[in-house]
There are 2 protein chains.
Amino acid sequence: MFAVTILGNNSAVPAFDRHPTSQVVTLDGTNYLVDCGEGTQIQLIRYKIRRSRISHIFISHLHGDHYFGLVGLISTLSLLGHQQVLHVFGPSPLREIIEMQLKVADTQLCFPLHIHHITGPSVLLDNEKLTVKCFPVNHRVECYGFAFQEKKQLRKLLPEKAREYEIPSVFYDRLTKGEDYLRKDGLLVKNELVTLPGEPGRSYAFCADTRYDESLIPHVAGFDMIYHETTYLDNFRDRAELRFHSTTRQAASLAQKAGVKKLLIGHFSSKYDTLEEFETEAREIFPDTEIAREGVCYEI
Amino acid sequence: MFAVTILGNNSAVPAFDRHPTSQVVTLDGTNYLVDCGEGTQIQLIRYKIRRSRISHIFISHLHGDHYFGLVGLISTLSLLGHQQVLHVFGPSPLREIIEMQLKVADTQLCFPLHIHHITGPSVLLDNEKLTVKCFPVNHRVECYGFAFQEKKQLRKLLPEKAREYEIPSVFYDRLTKGEDYLRKDGLLVKNELVTLPGEPGRSYAFCADTRYDESLIPHVAGFDMIYHETTYLDNFRDRAELRFHSTTRQAASLAQKAGVKKLLIGHFSSKYDTLEEFETEAREIFPDTEIAREGVCYEI
């Protein structure tokens, strides 16, 4: 399963049982945490997401509502005897902030913690299942979005065709990876003759805190799902601009222009006690919009 | 009213909807926050305690479960347009930790923040209603308890007696403060003739994270109420000792030896999903023991 679960959908000031930003991208049992506002570790318990399955944490920027829960989560993992390596990515000086607090508490972590500073657009993770890239967004401080792209799946073997061309079954694994087969009699069996294309990899992007900015489009074009902030409704365009945030219609326009399949909206201002109007406004421009509700798992 | 409301009664790892340490001491509408574990600002909302009424915050020590919520609370107060001075007391380098995070976020606070480093036992606050002193406790890192002592109340005027001695009513305020009155005819009216003693000031002490240590007794002797941690039940005495924590019977013994009126116990290990046994064990030694339950306001 490839999905994202929302832990916090509010902007900086917690209100109406809405929490600061955090979400978990899950792919085949591994949890990738995106942002870690205060209380994220408590939200993880509330929604029964296994903390021990978190291998990577991506921090978009160093406004507190996006990372004040990080040092607490790291401390708790250590108290729970976590063993696996934990990689954290975020802008400088995230490492110094975390290390200072661990040192003051005389905390010796029982697992290897690697904090990597992001300095520009780059590939942060590239394993056999997934690539994670970061891209700059338009906010008051250095801030990054994260694009999750599942690797293209293996090609589908056509066993009858493979037998017809007398390919030994020991070579089938390599066929699913796209290789051609050279027979002993000199005949080259092109891969397309014995396999079908695999499913394309799915894709999800977290666009962080940002003004409306079309320079984001190339980074998320055609994605299956993107999350874009909508701190304000459309009538607060000016305030959004001033505070480096976006409105419903701006997020929806970006999704439309980028040709994505689905839009999740979040980072709601504490001005709003209900959220339905966010959905209504965004759907006028981009019908496949959904409110990122806390505790809900959205399949990608 | 002089009371303490519990916001978090658990030890470091949050569990069973119990939160890290924080409590609010309230005297006549002013809130004094004691410790500020992660999520304290959310607990304040949950229990409808006005953040804007917090004038002083006392941090016992720099283990994360006692202060990771501080920078978030400060940031939120600023976003809410808080105006009043906020005084924070805690061990070094609390100021540097907070200032670094505010600076990185490019946060300009809209209220004056004074972070005072505690360096030993001292009087932290002395206003017309209250004195707050700190005293060292026995923990793995530098750690302080806090003793709240209400000022002795004004003496009670006996109006008939005052009239009998022909004291003008304009002097009555000074009588309640204990002054004698010198009449024009040279007669000195001793204060005790026209007033009764006021109620003694009430007292509460937060004993922070600590091993059993009788050196705490002089700081809390005879207090109306103390909070003492009981991370473990009695059968985990060895672990408590090793980790610089206390058990039920140890907290109860300290309360008994200090001759306090009431004992609140808290800072429960996440090993325990229920708390009743803590009360049972402590009451065997000190009957006036209560579990510090989150959201409950205990009048002092």
# chains A, B, ... in the order shown; residues from 1 in each chain; ligands from 1

call {"tool": "select_by_dssp", "arguments": {"residues": "segment 26-79 of chain A", "states": "strand (DSSP E)", "output": "MDAnalysis selection string"}}
result
chainID A and resid 26:27 30:34 54:58

call {"tool": "residues_around", "arguments": {"residues": "Leu154 of chain B", "least_positions_apart": "4", "cutoff": "10 Å", "atoms": "only C-alpha atoms", "output": "VMD selection string"}}
result
chain B and resid 173 to 178 195 to 201

call {"tool": "write_last_selection", "arguments": {"atoms": "C-alpha atoms", "output": "PDB file, in the first residue's frame"}}
result
ATOM      1  CA  ASP B 173      -6.498  49.703  56.242  1.00  0.00           C
ATOM      2  CA  ARG B 174      -3.336  50.191  58.251  1.00  0.00           C
ATOM      3  CA  LEU B 175      -4.859  48.277  61.169  1.00  0.00           C
ATOM      4  CA  THR B 176      -5.417  45.237  58.908  1.00  0.00           C
ATOM      5  CA  LYS B 177      -1.715  45.424  58.056  1.00  0.00           C
ATOM      6  CA  GLY B 178      -0.823  45.179  61.756  1.00  0.00           C
ATOM      7  CA  THR B 195      -7.992  43.132  65.163  1.00  0.00           C
ATOM      8  CA  LEU B 196      -7.796  39.361  65.028  1.00  0.00           C
ATOM      9  CA  PRO B 197      -4.982  37.486  63.285  1.00  0.00           C
ATOM     10  CA  GLY B 198      -5.492  36.889  59.544  1.00  0.00           C
ATOM     11  CA  GLU B 199      -5.550  33.450  57.994  1.00  0.00           C
ATOM     12  CA  PRO B 200      -2.063  32.039  57.574  1.00  0.00           C
ATOM     13  CA  GLY B 201      -0.880  31.920  53.943  1.00  0.00           C
TER      14      GLY B 201
END

call {"tool": "interface_residues", "arguments": {"of": "chain A", "to": "chain B", "cutoff": "6 Å", "atoms": "only C-alpha atoms", "output": "list of chain:residue names"}}
result
A:Val13, A:Gly39, A:Leu62, A:His63, A:Thr76, A:Ala105

call {"tool": "atom_distance", "arguments": {"atom1": "atom CA of Leu275 of chain B", "atom2": "atom CA of Ile6 of chain B"}}
result
15.1 Å

call {"tool": "atom_distance", "arguments": {"atom1": "atom CA of Arg155 of chain A", "atom2": "atom CA of Thr131 of chain A"}}
result
18.8 Å

call {"tool": "residues_around", "arguments": {"residues": "Arg53 of chain A", "least_positions_apart": "6", "cutoff": "12 Å", "atoms": "only C-alpha atoms", "output": "ChimeraX atom specification"}}
result
/A:24-33,44,77,82-86

call {"tool": "write_last_selection", "arguments": {"atoms": "C-alpha atoms", "output": "PDB file, in the first residue's frame"}}
result
ATOM      1  CA  VAL A  24       3.039   9.852   7.420  1.00  0.00           C
ATOM      2  CA  VAL A  25       3.688   8.471   3.960  1.00  0.00           C
ATOM      3  CA  THR A  26       3.537   4.688   4.087  1.00  0.00           C
ATOM      4  CA  LEU A  27       4.874   2.355   1.424  1.00  0.00           C
ATOM      5  CA  ASP A  28       4.785  -1.393   2.006  1.00  0.00           C
ATOM      6  CA  GLY A  29       5.087  -1.179   5.784  1.00  0.00           C
ATOM      7  CA  THR A  30       7.741   1.531   5.987  1.00  0.00           C
ATOM      8  CA  ASN A  31       6.742   4.912   7.435  1.00  0.00           C
ATOM      9  CA  TYR A  32       8.203   8.143   6.133  1.00  0.00           C
ATOM     10  CA  LEU A  33       7.325  11.079   8.368  1.00  0.00           C
ATOM     11  CA  LEU A  44       1.147   8.716  16.250  1.00  0.00           C
ATOM     12  CA  LEU A  77      12.315   6.361  20.332  1.00  0.00           C
ATOM     13  CA  HIS A  82      14.700   1.780  19.067  1.00  0.00           C
ATOM     14  CA  GLN A  83      17.568   0.120  17.180  1.00  0.00           C
ATOM     15  CA  GLN A  84      17.324   1.034  13.487  1.00  0.00           C
ATOM     16  CA  VAL A  85      19.080   3.943  11.844  1.00  0.00           C
ATOM     17  CA  LEU A  86      16.944   7.078  11.649  1.00  0.00           C
TER      18      LEU A  86
END

call {"tool": "residues_around", "arguments": {"residues": "segment 276-278 of chain B", "least_positions_apart": "5", "cutoff": "10 Å", "atoms": "only C-alpha atoms", "output": "VMD selection string"}}
result
chain B and resid 230 to 234 247 to 249 265 to 266 268 283 289 to 291

call {"tool": "write_last_selection", "arguments": {"atoms": "C-alpha atoms", "output": "PDB file, in the first residue's frame"}}
result
ATOM      1  CA  THR B 230       6.131   8.330  42.138  1.00  0.00           C
ATOM      2  CA  THR B 231       7.469   6.998  38.861  1.00  0.00           C
ATOM      3  CA  TYR B 232       7.312   3.424  40.193  1.00  0.00           C
ATOM      4  CA  LEU B 233       5.445   1.221  42.616  1.00  0.00           C
ATOM      5  CA  ASP B 234       7.333   0.037  45.671  1.00  0.00           C
ATOM      6  CA  THR B 247       8.417   5.069  44.542  1.00  0.00           C
ATOM      7  CA  THR B 248       5.004   5.387  46.185  1.00  0.00           C
ATOM      8  CA  ARG B 249       6.244   4.510  49.660  1.00  0.00           C
ATOM      9  CA  ILE B 265       1.575  11.873  43.382  1.00  0.00           C
ATOM     10  CA  GLY B 266       2.445  11.754  39.681  1.00  0.00           C
ATOM     11  CA  PHE B 268       3.933   7.675  36.436  1.00  0.00           C
ATOM     12  CA  ARG B 283      -1.988   5.680  51.477  1.00  0.00           C
ATOM     13  CA  THR B 289      -2.557  11.013  49.257  1.00  0.00           C
ATOM     14  CA  GLU B 290      -4.223  11.634  45.922  1.00  0.00           C
ATOM     15  CA  ILE B 291      -3.293  10.742  42.371  1.00  0.00           C
TER      16      ILE B 291
END

call {"tool": "atom_distance", "arguments": {"atom1": "atom CA of Lys261 of chain B", "atom2": "atom CA of Thr21 of chain B"}}
result
22.8 Å

call {"tool": "residues_around", "arguments": {"residues": "segment 217-220 of chain A", "least_positions_apart": "6", "cutoff": "10 Å", "atoms": "only C-alpha atoms", "output": "VMD selection string"}}
result
chain A and resid 133 to 136 145 to 148 203 to 207 226 254 to 260

call {"tool": "select_by_dssp", "arguments": {"residues": "segment 125-227 of chain A", "states": "helix (DSSP H, G or I)", "output": "PyMOL selection string"}}
result
chain A and resi 159-164+169-176+191-193+214-220

call {"tool": "closest_residue", "arguments": {"among": "A:Asn191, A:Ser246, A:Gln43, A:Ser55", "to": "Ser11 of chain A", "atoms": "only C-alpha atoms"}}
result
A:Ser246
